[in-house]
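upload19.txt (compact mmCIF, C-alpha atoms)
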# COMPACT_ATOMS: atom_id res chain seq x y z
CA MET C 1 -10.17 8.28 -3.66
CA ILE C 2 -13.62 7.97 -2.14
CA ASP C 3 -16.91 8.22 -4.03
CA LEU C 4 -18.09 11.85 -4.22
CA ARG C 5 -21.70 10.70 -4.11
CA LEU C 6 -21.07 9.07 -0.75
CA LEU C 7 -19.48 12.30 0.47
CA ARG C 8 -22.57 14.30 -0.51
CA GLU C 9 -25.03 11.76 0.91
CA ASP C 10 -23.24 11.01 4.19
CA PRO C 11 -20.63 13.68 4.99
CA ASP C 12 -20.77 12.82 8.70
CA ARG C 13 -19.41 9.36 7.96
CA VAL C 14 -16.47 10.91 6.11
CA ARG C 15 -15.89 13.40 8.94
CA ALA C 16 -15.88 10.55 11.45
CA SER C 17 -13.34 8.66 9.33
CA GLN C 18 -11.05 11.69 9.13
CA ARG C 19 -11.38 12.21 12.89
CA ALA C 20 -10.51 8.56 13.56
CA ARG C 21 -7.42 8.90 11.36
CA GLY C 22 -6.32 12.01 13.21
CA GLU C 23 -6.59 13.93 9.95
CA ASP C 24 -8.08 17.34 9.10
CA VAL C 25 -11.87 17.15 9.43
CA ALA C 26 -12.29 20.62 7.87
CA LEU C 27 -11.06 19.09 4.60
CA VAL C 28 -14.49 17.45 4.24
CA ASP C 29 -16.33 20.78 4.25
CA SER C 30 -13.79 22.35 1.90
CA LEU C 31 -14.33 19.45 -0.48
CA LEU C 32 -18.12 19.71 -0.26
CA SER C 33 -17.90 23.42 -1.06
CA ALA C 34 -15.56 22.86 -4.02
CA ASP C 35 -17.78 20.08 -5.35
CA GLU C 36 -20.85 22.32 -5.13
CA ARG C 37 -19.01 25.04 -7.06
CA ARG C 38 -17.90 22.46 -9.62
CA ARG C 39 -21.45 21.26 -10.21
CA SER C 40 -23.09 24.70 -10.21
CA SER C 41 -20.45 26.16 -12.54
CA GLY C 42 -20.94 23.16 -14.82
CA VAL C 43 -24.68 23.82 -14.95
CA ARG C 44 -24.01 27.51 -15.61
CA PHE C 45 -21.60 26.62 -18.44
CA ASP C 46 -24.12 24.24 -20.04
CA GLU C 47 -26.87 26.85 -19.87
CA LEU C 48 -24.70 29.52 -21.47
CA ARG C 49 -23.51 27.14 -24.21
CA ALA C 50 -27.14 26.21 -24.99
CA GLU C 51 -28.02 29.90 -25.19
CA GLN C 52 -24.99 30.52 -27.40
CA ARG C 53 -25.96 27.74 -29.79
CA ALA C 54 -29.55 29.02 -30.01
CA LEU C 55 -28.31 32.53 -30.70
CA GLY C 56 -25.99 31.20 -33.38
CA LYS C 57 -29.00 29.90 -35.27
CA LEU C 58 -30.79 33.25 -35.14
CA ILE C 59 -27.95 35.49 -36.37
CA PRO C 60 -27.92 34.25 -40.03
CA LYS C 61 -31.66 34.93 -40.29
CA ALA C 62 -31.46 38.48 -38.89
CA SER C 63 -30.51 41.73 -40.62
CA GLY C 64 -29.93 45.40 -39.88
CA ASP C 65 -30.21 46.59 -36.30
CA GLU C 66 -31.53 43.25 -35.12
CA LYS C 67 -28.45 41.46 -36.42
CA ALA C 68 -26.15 44.05 -34.89
CA GLU C 69 -27.87 43.59 -31.54
CA LEU C 70 -27.62 39.80 -31.81
CA LEU C 71 -23.93 40.01 -32.71
CA LYS C 72 -23.32 42.24 -29.69
CA LYS C 73 -25.15 39.73 -27.50
CA ALA C 74 -23.17 36.88 -29.06
CA SER C 75 -19.92 38.66 -28.21
CA GLN C 76 -20.96 39.03 -24.58
CA LEU C 77 -22.13 35.40 -24.47
CA ALA C 78 -18.78 34.24 -25.80
CA ALA C 79 -17.04 36.07 -22.97
CA ASP C 80 -19.49 34.65 -20.42
CA VAL C 81 -19.01 31.11 -21.76
CA LYS C 82 -15.23 31.48 -21.57
CA ALA C 83 -15.48 32.75 -17.97
CA ALA C 84 -17.88 29.96 -16.99
CA ASP C 85 -15.58 27.38 -18.59
CA ALA C 86 -12.61 28.74 -16.62
CA GLU C 87 -14.64 28.74 -13.40
CA ARG C 88 -15.78 25.15 -14.02
CA ASP C 89 -12.20 23.99 -14.69
CA ALA C 90 -10.87 25.77 -11.60
CA ALA C 91 -13.58 24.25 -9.38
CA ALA C 92 -13.00 20.78 -10.88
CA ALA C 93 -9.23 21.08 -10.28
CA GLU C 94 -9.78 22.19 -6.67
CA THR C 95 -12.25 19.35 -6.11
CA GLN C 96 -9.78 16.80 -7.48
CA GLU C 97 -6.90 18.21 -5.42
CA LEU C 98 -8.91 18.08 -2.20
CA LEU C 99 -10.29 14.63 -3.03
CA LEU C 100 -6.77 13.27 -3.45
CA ARG C 101 -5.89 14.52 0.04
CA LEU C 102 -8.71 12.60 1.66
CA GLY C 103 -7.89 9.16 3.09
CA ASN C 104 -9.98 6.05 2.55
CA LEU C 105 -13.02 5.53 4.75
CA VAL C 106 -12.04 3.66 7.90
CA HIS C 107 -13.90 0.37 8.36
CA PRO C 108 -16.36 0.61 11.29
CA ASP C 109 -14.71 -2.35 13.11
CA VAL C 110 -11.25 -0.74 13.16
CA PRO C 111 -10.13 0.21 16.71
CA VAL C 112 -9.93 3.99 17.08
CA GLY C 113 -6.63 5.45 18.23
CA GLY C 114 -2.92 5.66 17.56
CA GLU C 115 -0.07 3.21 17.10
CA GLU C 116 -0.45 1.58 20.53
CA ASP C 117 -4.25 1.26 20.37
CA PHE C 118 -4.31 -1.89 18.22
CA VAL C 119 -6.35 -4.94 19.22
CA THR C 120 -4.67 -8.35 19.43
CA LEU C 121 -6.80 -10.86 17.53
CA GLU C 122 -4.72 -14.05 17.77
CA THR C 123 -1.46 -15.38 19.20
CA HIS C 124 0.35 -18.38 17.71
CA GLY C 125 3.38 -20.47 18.62
CA THR C 126 5.45 -20.78 21.78
CA ILE C 127 8.02 -18.22 22.89
CA ARG C 128 11.26 -19.98 23.80
CA ASP C 129 12.60 -19.72 27.35
CA PHE C 130 16.31 -19.28 26.69
CA THR C 131 17.07 -19.05 30.42
CA ALA C 132 15.59 -22.51 30.91
CA GLU C 133 17.68 -23.70 27.97
CA GLY C 134 20.79 -22.39 29.70
CA PHE C 135 22.05 -19.64 27.41
CA GLU C 136 21.59 -15.98 26.62
CA PRO C 137 20.20 -15.41 23.11
CA ARG C 138 22.35 -13.47 20.66
CA ASP C 139 20.78 -10.80 18.49
CA HIS C 140 20.46 -11.25 14.73
CA LEU C 141 23.48 -9.10 13.88
CA GLU C 142 25.84 -11.06 16.13
CA LEU C 143 24.44 -14.31 14.75
CA GLY C 144 24.73 -12.99 11.20
CA GLN C 145 28.40 -12.17 11.77
CA ILE C 146 29.08 -15.59 13.35
CA LEU C 147 27.46 -17.27 10.34
CA GLY C 148 29.19 -15.02 7.81
CA ALA C 149 25.72 -13.98 6.66
CA ILE C 150 25.42 -10.22 7.31
CA ASP C 151 27.92 -7.41 6.77
CA VAL C 152 26.62 -3.99 7.85
CA GLU C 153 30.03 -2.35 8.21
CA ARG C 154 30.83 -2.68 4.52
CA GLY C 155 27.23 -1.82 3.69
CA ALA C 156 27.72 1.49 5.49
CA LYS C 157 31.11 1.99 3.83
CA VAL C 158 29.67 1.49 0.36
CA SER C 159 26.24 3.11 0.70
CA GLY C 160 25.81 4.70 4.14
CA SER C 161 23.80 3.86 7.24
CA ARG C 162 20.92 1.36 7.02
CA PHE C 163 22.49 -0.49 4.09
CA TYR C 164 23.98 -3.97 4.29
CA PHE C 165 25.38 -6.95 2.42
CA LEU C 166 23.93 -10.44 2.74
CA THR C 167 26.91 -12.74 2.29
CA GLY C 168 27.43 -16.47 1.98
CA VAL C 169 24.64 -18.33 3.71
CA GLY C 170 22.82 -15.01 4.26
CA ALA C 171 22.43 -14.56 0.52
CA LEU C 172 21.36 -18.19 0.16
CA LEU C 173 18.82 -17.73 2.97
CA GLU C 174 17.23 -14.79 1.14
CA LEU C 175 16.95 -16.81 -2.08
CA ALA C 176 15.45 -19.72 -0.14
CA LEU C 177 12.87 -17.43 1.47
CA VAL C 178 11.90 -15.84 -1.82
CA ASN C 179 11.59 -19.18 -3.60
CA ALA C 180 9.60 -20.77 -0.76
CA ALA C 181 7.27 -17.74 -0.56
CA MET C 182 6.73 -17.74 -4.31
CA ALA C 183 6.05 -21.48 -4.22
CA GLN C 184 3.35 -20.98 -1.57
CA ALA C 185 1.81 -18.08 -3.49
CA THR C 186 1.82 -19.98 -6.78
CA ALA C 187 0.20 -22.99 -5.13
CA ALA C 188 -2.52 -20.65 -3.83
CA GLY C 189 -3.25 -19.44 -7.36
CA PHE C 190 -1.23 -16.24 -7.52
CA THR C 191 0.51 -15.29 -10.76
CA PRO C 192 4.23 -14.70 -10.07
CA MET C 193 5.44 -11.26 -11.16
CA LEU C 194 8.82 -9.53 -11.36
CA THR C 195 7.93 -5.85 -11.24
CA PRO C 196 9.64 -2.54 -12.11
CA ALA C 197 11.38 -0.74 -9.25
CA LEU C 198 10.87 2.67 -10.91
CA VAL C 199 7.39 4.05 -11.59
CA ARG C 200 5.84 7.22 -12.96
CA PRO C 201 4.22 9.81 -10.67
CA GLN C 202 0.68 8.76 -11.62
CA SER C 203 1.42 5.20 -10.48
CA MET C 204 2.82 6.34 -7.13
CA ALA C 205 0.04 8.89 -6.55
CA GLY C 206 -2.64 6.45 -7.69
CA THR C 207 -1.76 3.96 -4.98
CA GLY C 208 -1.76 6.70 -2.33
CA PHE C 209 1.96 6.96 -1.60
CA LEU C 210 2.45 10.63 -2.43
CA GLY C 211 0.30 11.88 0.44
CA GLN C 212 1.21 11.16 4.05
CA ALA C 213 3.90 8.66 2.95
CA ALA C 214 5.66 11.04 0.53
CA GLN C 215 8.50 11.76 2.96
CA ASP C 216 9.54 8.09 2.79
CA VAL C 217 9.70 7.96 -1.03
CA TYR C 218 12.84 8.33 -3.14
CA HIS C 219 12.34 10.57 -6.19
CA LEU C 220 14.65 10.78 -9.21
CA ALA C 221 14.04 14.39 -10.18
CA ASN C 222 15.91 14.30 -13.51
CA ASP C 223 13.69 11.48 -14.76
CA ASP C 224 10.56 12.24 -12.71
CA LEU C 225 10.44 8.62 -11.59
CA TYR C 226 9.95 7.16 -8.12
CA LEU C 227 11.67 4.18 -6.50
CA VAL C 228 8.95 1.91 -5.12
CA GLY C 229 8.70 1.15 -1.42
CA THR C 230 6.72 -2.00 -2.24
CA SER C 231 5.68 -3.88 -5.36
CA GLU C 232 2.12 -3.01 -4.35
CA VAL C 233 2.66 0.15 -6.43
CA PRO C 234 3.44 -1.44 -9.83
CA LEU C 235 0.96 -4.26 -9.15
CA ALA C 236 -1.82 -1.76 -8.45
CA ALA C 237 -0.91 0.29 -11.53
CA TYR C 238 -0.58 -2.81 -13.72
CA HIS C 239 -4.23 -2.48 -14.82
CA MET C 240 -4.35 1.33 -14.70
CA ASP C 241 -6.87 2.84 -17.17
CA GLU C 242 -8.34 -0.60 -17.94
CA ILE C 243 -11.80 -2.14 -17.76
CA LEU C 244 -11.59 -5.78 -16.60
CA ASP C 245 -14.18 -8.47 -17.21
CA ALA C 246 -15.99 -9.62 -14.06
CA GLU C 247 -15.48 -13.26 -15.11
CA LYS C 248 -11.70 -12.81 -14.68
CA LEU C 249 -11.98 -11.82 -11.02
CA PRO C 250 -10.39 -12.41 -8.65
CA LEU C 251 -7.02 -11.52 -10.16
CA ARG C 252 -4.16 -12.37 -7.82
CA TYR C 253 -0.51 -11.46 -8.34
CA ALA C 254 2.59 -12.22 -6.27
CA GLY C 255 5.26 -9.62 -6.98
CA PHE C 256 8.95 -9.83 -6.13
CA SER C 257 10.87 -6.58 -6.13
CA PRO C 258 13.49 -4.51 -4.38
CA CYS C 259 11.93 -1.90 -2.09
CA PHE C 260 13.34 1.50 -1.17
CA ARG C 261 12.35 3.61 1.83
CA ARG C 262 13.90 6.74 3.30
CA GLU C 263 12.72 5.73 6.78
CA ALA C 264 12.11 9.41 7.50
CA GLY C 265 11.23 10.02 11.13
CA SER C 266 12.90 6.78 12.27
CA HIS C 267 16.17 8.38 13.40
CA GLY C 268 17.54 6.41 16.31
CA LYS C 269 15.06 3.55 15.84
CA ASP C 270 16.31 0.03 15.04
CA THR C 271 19.73 1.31 14.02
CA ARG C 272 21.45 -2.00 14.81
CA GLY C 273 21.43 -4.68 12.16
CA ILE C 274 18.97 -5.10 9.30
CA PHE C 275 15.53 -4.70 10.88
CA ARG C 276 14.92 -1.19 9.51
CA VAL C 277 16.83 -0.48 6.29
CA HIS C 278 16.66 1.70 3.17
CA GLN C 279 16.68 -1.15 0.64
CA PHE C 280 15.29 -4.67 0.91
CA ASP C 281 13.57 -7.35 -1.15
CA LYS C 282 9.99 -8.47 -0.66
CA VAL C 283 7.35 -10.85 -1.97
CA GLU C 284 3.99 -9.06 -2.04
CA MET C 285 0.51 -10.47 -2.67
CA PHE C 286 -1.98 -8.28 -4.53
CA SER C 287 -5.66 -8.94 -5.32
CA TYR C 288 -8.29 -7.38 -7.57
CA VAL C 289 -11.80 -8.39 -6.51
CA ALA C 290 -15.42 -7.23 -6.72
CA PRO C 291 -16.06 -4.65 -3.94
CA GLU C 292 -18.52 -6.92 -2.14
CA ASP C 293 -15.81 -9.62 -1.91
CA SER C 294 -13.07 -7.43 -0.43
CA GLN C 295 -13.59 -8.32 3.26
CA ALA C 296 -13.55 -12.05 2.51
CA GLU C 297 -10.42 -11.60 0.38
CA HIS C 298 -8.81 -9.67 3.23
CA GLN C 299 -9.30 -12.67 5.50
CA ARG C 300 -7.87 -14.97 2.82
CA LEU C 301 -4.73 -12.82 2.51
CA LEU C 302 -4.33 -12.91 6.28
CA GLU C 303 -4.66 -16.71 6.28
CA TRP C 304 -1.93 -17.00 3.64
CA GLU C 305 0.35 -14.80 5.77
CA LYS C 306 -0.37 -16.93 8.83
CA GLN C 307 0.33 -20.08 6.81
CA TRP C 308 3.72 -18.62 5.84
CA LEU C 309 4.77 -17.60 9.35
CA THR C 310 3.57 -20.93 10.76
CA SER C 311 5.64 -22.79 8.16
CA LEU C 312 8.69 -20.81 9.35
CA GLU C 313 7.93 -22.04 12.89
CA LEU C 314 7.85 -18.52 14.30
CA PRO C 315 5.84 -17.36 17.33
CA TYR C 316 3.64 -14.47 16.22
CA ARG C 317 0.47 -12.52 16.88
CA VAL C 318 -2.14 -10.90 14.64
CA ILE C 319 -3.25 -7.35 15.41
CA ASP C 320 -6.07 -5.16 14.09
CA VAL C 321 -4.24 -1.89 13.39
CA ALA C 322 -5.77 1.25 14.93
CA SER C 323 -7.31 3.99 12.80
CA ALA C 324 -4.61 6.66 13.10
CA ASP C 325 -1.93 4.10 12.18
CA LEU C 326 -3.55 3.13 8.85
CA GLY C 327 -2.02 4.19 5.55
CA ALA C 328 -4.11 6.61 3.49
CA SER C 329 -5.29 3.84 1.13
CA ALA C 330 -6.27 1.28 3.75
CA SER C 331 -9.78 0.91 5.09
CA ARG C 332 -8.56 -1.81 7.45
CA LYS C 333 -5.19 -3.44 8.09
CA PHE C 334 -4.04 -6.55 9.92
CA ASP C 335 -0.40 -6.95 10.94
CA CYS C 336 1.35 -10.20 11.78
CA GLU C 337 4.09 -9.52 14.33
CA ALA C 338 6.78 -12.08 15.10
CA TRP C 339 8.41 -12.40 18.51
CA ILE C 340 11.98 -11.06 18.52
CA PRO C 341 13.74 -12.61 21.55
CA THR C 342 16.48 -10.01 22.12
CA GLN C 343 13.97 -7.17 21.88
CA GLY C 344 11.51 -8.95 24.16
CA LYS C 345 8.54 -7.93 22.04
CA TYR C 346 6.55 -8.63 18.89
CA ARG C 347 7.57 -6.73 15.75
CA GLU C 348 5.78 -6.40 12.42
CA LEU C 349 6.76 -8.96 9.79
CA THR C 350 3.78 -8.86 7.44
CA SER C 351 0.67 -6.74 6.95
CA THR C 352 -2.41 -6.93 4.77
CA SER C 353 -4.68 -4.02 3.83
CA ASP C 354 -8.15 -3.81 2.32
CA CYS C 355 -8.08 -0.68 0.14
CA THR C 356 -11.69 -1.15 -1.07
CA GLU C 357 -12.27 1.05 -4.17
CA PHE C 358 -9.84 3.78 -3.10
CA GLN C 359 -6.93 2.88 -5.40
CA SER C 360 -9.03 1.72 -8.35
CA ARG C 361 -10.81 5.09 -8.49
CA ARG C 362 -7.50 6.95 -8.51
CA LEU C 363 -6.00 4.62 -11.12
CA SER C 364 -9.17 4.37 -13.23
CA ILE C 365 -9.45 0.58 -12.98
CA ARG C 366 -12.97 -0.71 -13.43
CA VAL C 367 -14.84 -3.98 -13.86
CA ARG C 368 -17.53 -4.72 -16.44
CA GLU C 369 -20.53 -6.80 -15.36
CA GLY C 370 -22.92 -7.04 -18.28
CA LYS C 371 -23.70 -3.45 -19.23
CA GLN C 372 -22.57 -2.06 -15.88
CA VAL C 373 -19.05 -0.67 -15.38
CA ARG C 374 -17.89 0.19 -11.86
CA PRO C 375 -14.70 0.48 -9.75
CA LEU C 376 -13.35 -2.70 -8.19
CA ALA C 377 -11.54 -3.35 -4.89
CA THR C 378 -7.79 -3.82 -4.42
CA LEU C 379 -6.00 -5.50 -1.53
CA ASN C 380 -2.37 -6.11 -0.69
CA GLY C 381 -0.54 -8.38 1.70
CA THR C 382 3.14 -8.86 2.50
CA LEU C 383 4.14 -12.49 2.22
CA CYS C 384 7.85 -12.12 2.93
CA ALA C 385 9.81 -8.96 3.74
CA VAL C 386 13.23 -10.58 3.59
CA PRO C 387 15.45 -8.78 6.14
CA ARG C 388 12.89 -8.80 8.96
CA THR C 389 12.12 -12.45 8.27
CA ILE C 390 15.84 -13.26 8.47
CA VAL C 391 15.99 -11.38 11.79
CA ALA C 392 13.12 -13.48 13.18
CA ILE C 393 14.52 -16.78 11.89
CA LEU C 394 18.03 -16.21 13.21
CA GLU C 395 16.90 -15.13 16.67
CA ASN C 396 14.11 -17.65 17.19
CA HIS C 397 15.94 -20.69 15.79
CA GLN C 398 19.41 -20.01 17.21
CA GLN C 399 21.29 -22.60 19.22
CA ALA C 400 23.80 -22.20 22.05
CA ASP C 401 26.85 -22.58 19.81
CA GLY C 402 25.74 -19.79 17.46
CA SER C 403 24.34 -22.13 14.83
CA VAL C 404 20.77 -21.70 13.57
CA ARG C 405 18.25 -24.45 12.89
CA VAL C 406 16.65 -24.19 9.43
CA PRO C 407 12.82 -24.48 9.35
CA GLU C 408 11.76 -27.54 7.36
CA VAL C 409 9.94 -25.47 4.70
CA LEU C 410 13.24 -23.83 3.69
CA ARG C 411 15.44 -26.92 3.63
CA PRO C 412 14.65 -27.96 0.04
CA TYR C 413 15.75 -24.48 -1.07
CA LEU C 414 19.01 -24.72 0.89
CA GLY C 415 20.22 -28.03 -0.53
CA GLY C 416 18.69 -29.99 2.32
CA ARG C 417 20.68 -28.08 4.94
CA GLU C 418 19.16 -28.48 8.41
CA VAL C 419 21.48 -26.14 10.32
CA LEU C 420 23.36 -22.96 9.44
CA GLU C 421 26.82 -23.43 10.95
CA PRO C 422 29.15 -20.73 12.29
CA VAL C 423 32.07 -19.84 10.02
CA ALA C 424 33.81 -17.71 12.66
CA LYS C 425 33.93 -18.09 16.42

Turn this file's structure into structure tokens for me.
Amino acid sequence: MIDLRLLREDPDRVRASQRARGEDVALVDSLLSADERRRSSGVRFDELRAEQRALGKLIPKASGDEKAELLKKASQLAADVKAADAERDAAAAETQELLLRLGNLVHPDVPVGGEEDFVTLETHGTIRDFTAEGFEPRDHLELGQILGAIDVERGAKVSGSRFYFLTGVGALLELALVNAAMAQATAAGFTPMLTPALVRPQSMAGTGFLGQAAQDVYHLANDDLYLVGTSEVPLAAYHMDEILDAEKLPLRYAGFSPCFRREAGSHGKDTRGIFRVHQFDKVEMFSYVAPEDSQAEHQRLLEWEKQWLTSLELPYRVIDVASADLGASASRKFDCEAWIPTQGKYRELTSTSDCTEFQSRRLSIRVREGKQVRPLATLNGTLCAVPRTIVAILENHQQADGSVRVPEVLRPYLGGREVLEPVAK
């Protein structure tokens, strides 16, 4: 959540952020009104309690009619205090509810607009000319079937649409990707983490995934637990309700977990193959830093993502995501999109978001610097979303006979294998 003091001091900035996100601007005024009621009812409660305490000291000293009058007044004060307490609690609850609906403040450099209004920051690598090479590229599903690596038909039979099996070399390729990604992250100073796939509501809400993203979340009603869509959730909640020492920052974790997404609203999109699925594995980077260091850390996370995609020898671009396409927690987000030959366009493979103090305020994570205690900043960055990375590798490194060249960075994790060979023609 944002800082209420900032809201009071500069409401126009918050209104502008909501407008840029395409969200309800009137929410800002509703929140200001609720906050004013919360503060004024709190003052009223404190005044009545002080009066009640003072009266309580007078009653034992009084007698006769005076005492009767004081007792009558005390009775009325008790009722007034109870009413003021209820009013304060109601205003505080309304303030909190409205505050949780408000997205993070959009960074001033973020391009304003919707999904297509991003700004391309960089382009890397060379897009292959398959026509010049003399063959028509196959898509990842056809290649996966030729290699005996992907089985979507049995995935659908067992679990339904948008599920799949990785088989044979496909399973080995996932393990190679995960191990290579974890090796890079560990070398960069991240602590490897295997995280829970089920979290409590406060963990999911604290990271901002029960607002606009709620429709994509799987909920186990009988247990009141949520399946995570990213290990960002348990990594953010890892230090929930803690005060961290400033000397320990930055804290960097690399989490591996299964991820589950309903993909609500994506009907008809990317239905072929494994680009958009309900369950997948991912290596996620997560950082806790001092707020003033968050922009520099954001650039570092982006550089680590670029290092990873470059090591996989993939052509890709970096985009500055537009304001209305940001998640509720993100102040700014960069996506790395790899070229997918059979789609003839760049598609998102990784993203990194600067969430500033938004998540730490919701999760009550603070940092102690001397005698001062304050919220810290959290950031996240995908290092390897496995299925989409497999899609990009198969399509970009395919050869005319249906085999696929293995990028050098993965070869040590595939027994030195340089090429994935077809198992069926």

Q: With a distance cut-off of 12 Å and all atoms listed in the file, select the neighbouring residues of C:His397, excluding the residue or stretch itself and same-chain residues fewer than 4 positions from it, and output the selection as an NGL selection string.
A: :C and (127-128 or 130 or 137-140 or 143 or 312-315 or 339-341 or 389-393 or 401-408 or 418-420)

(Q) Which residues are near stretch 115-120 of chain C? Cut-off 7 Å, all atoms listed in the file, ignore same chain within fewer than 3 positions. Put them as a PyMOL selection string. (A) chain C and resi 111+318-322+324-325

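With only C-alpha atoms as the basis for measurement, C:Glu263 is the residue among C:Asp270, C:Glu122, C:Asp29, C:Glu263 that approaches C:Gln215 most closely.
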
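Among the candidates C:Cys259, C:Ala296, C:Ala246, C:Leu141, the one nearest to C:Ala197 when counting all atoms listed in the file is C:Cys259.
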
Q) Quick one: residues within 12 Å of C:Arg15, only C-alpha atoms counted, chain neighbours fewer than 5 positions away excluded, as a VMD selection string? A) chain C and resid 6 to 8 10 20 to 32 102 to 106

Q: Just give me the gap between atom CA of C:Ala84 and atom CA of C:Glu36 in Å, one decimal is fine.
A: 14.4 Å

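The protein and nucleic acid residues lying at most 10 Å from C:Ala330 are Gly103, Asn104, Leu105, Val106, His107, Gly208, Ser323, Asp325, Thr352, Ser353, Asp354, Cys355, Thr356, Glu357, Phe358, Gln359, Thr378, Leu379 and Asn380 of chain C, with all atoms listed in the file considered and sequence neighbours fewer than 5 positions away removed.
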
Would you save the residues of that selection, restricted to C-alpha atoms, as a CSV table (one decimal), in the coordinates of the input?
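Saved as again.csv:
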chain,number,residue,atom,x,y,z
C,103,GLY,CA,-7.9,9.2,3.1
C,104,ASN,CA,-10.0,6.0,2.6
C,105,LEU,CA,-13.0,5.5,4.8
C,106,VAL,CA,-12.0,3.7,7.9
C,107,HIS,CA,-13.9,0.4,8.4
C,208,GLY,CA,-1.8,6.7,-2.3
C,323,SER,CA,-7.3,4.0,12.8
C,325,ASP,CA,-1.9,4.1,12.2
C,352,THR,CA,-2.4,-6.9,4.8
C,353,SER,CA,-4.7,-4.0,3.8
C,354,ASP,CA,-8.2,-3.8,2.3
C,355,CYS,CA,-8.1,-0.7,0.1
C,356,THR,CA,-11.7,-1.2,-1.1
C,357,GLU,CA,-12.3,1.0,-4.2
C,358,PHE,CA,-9.8,3.8,-3.1
C,359,GLN,CA,-6.9,2.9,-5.4
C,378,THR,CA,-7.8,-3.8,-4.4
C,379,LEU,CA,-6.0,-5.5,-1.5
C,380,ASN,CA,-2.4,-6.1,-0.7

(Q) Just checking: using all atoms listed in the file, which residue out of C:Leu194, C:Ser329, C:Leu166, C:Ala181 ends up closest to C:Trp308? (A)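 Under the stated criterion, the closest residue is C:Ala181.
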
Q) At a cut-off of 6 Å from (15.1, -9.9, 3.4) in the coordinates of the file, what residues are picked up using all atoms listed in the file, written as number ranges by chain? A) C: 174, 280-281, 385-387

Q. What is the distance, in Å and to one decimal place, between atom CA of C:Arg276 and atom CA of C:Arg200?
A.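 It comes out at 25.7 Å.
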
Q: May I ask for the distance between atom CA of C:Thr186 and atom CA of C:Gly416, given in Å to one decimal place?
A: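 Rounded to one decimal, the two atoms are 21.6 Å apart.
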
Q. Near C:Ala74, within 12 Å and counting all atoms listed in the file, which residues show up once chain neighbours fewer than 3 positions away are dropped, as a list in words?
A.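 Counting all atoms listed in the file, the residues come to Leu48, Arg49, Glu51, Gln52, Arg53, Ala54, Leu55, Gly56, Lys57, Leu58, Ile59, Lys67, Ala68, Glu69, Leu70, Leu71, Leu77, Ala78, Ala79, Asp80 and Val81 of chain C.
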
(Q) Considering all atoms listed in the file, can you say which of C:Ala83, C:Val169, C:Ala90, C:Met182 comes closest to C:Glu421? (A)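 Using all atoms listed in the file, the shortest distance to C:Glu421 belongs to C:Val169.
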
Q: Between C:Pro291, C:Pro234, C:Gly268, C:Gly273, single out the one closest to C:Leu363, counting only C-alpha atoms.
A: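 Using only C-alpha atoms, C:Leu363 sits closest to C:Pro234.
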
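Of the residues under consideration (C:Val409, C:Leu376, C:Leu309, C:Val199), C:Leu376 shows the shortest atom-to-atom contact distance to C:Glu242 when counting all atoms listed in the file.
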
Q) In file coordinates, which residues lie within 12 Å of (-12.1, 20.4, -10.5) using all atoms listed in the file, given as a list in words? A)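 Returned residue set, sorted by chain then number, is Leu31, Leu32, Ser33, Ala34, Asp35, Glu36, Arg37, Arg38, Arg39, Ser40, Ser41, Gly42, Asp85, Ala86, Glu87, Arg88, Asp89, Ala90, Ala91, Ala92, Ala93, Glu94, Thr95, Gln96, Glu97, Leu98, Leu99 and Leu100 of chain C.
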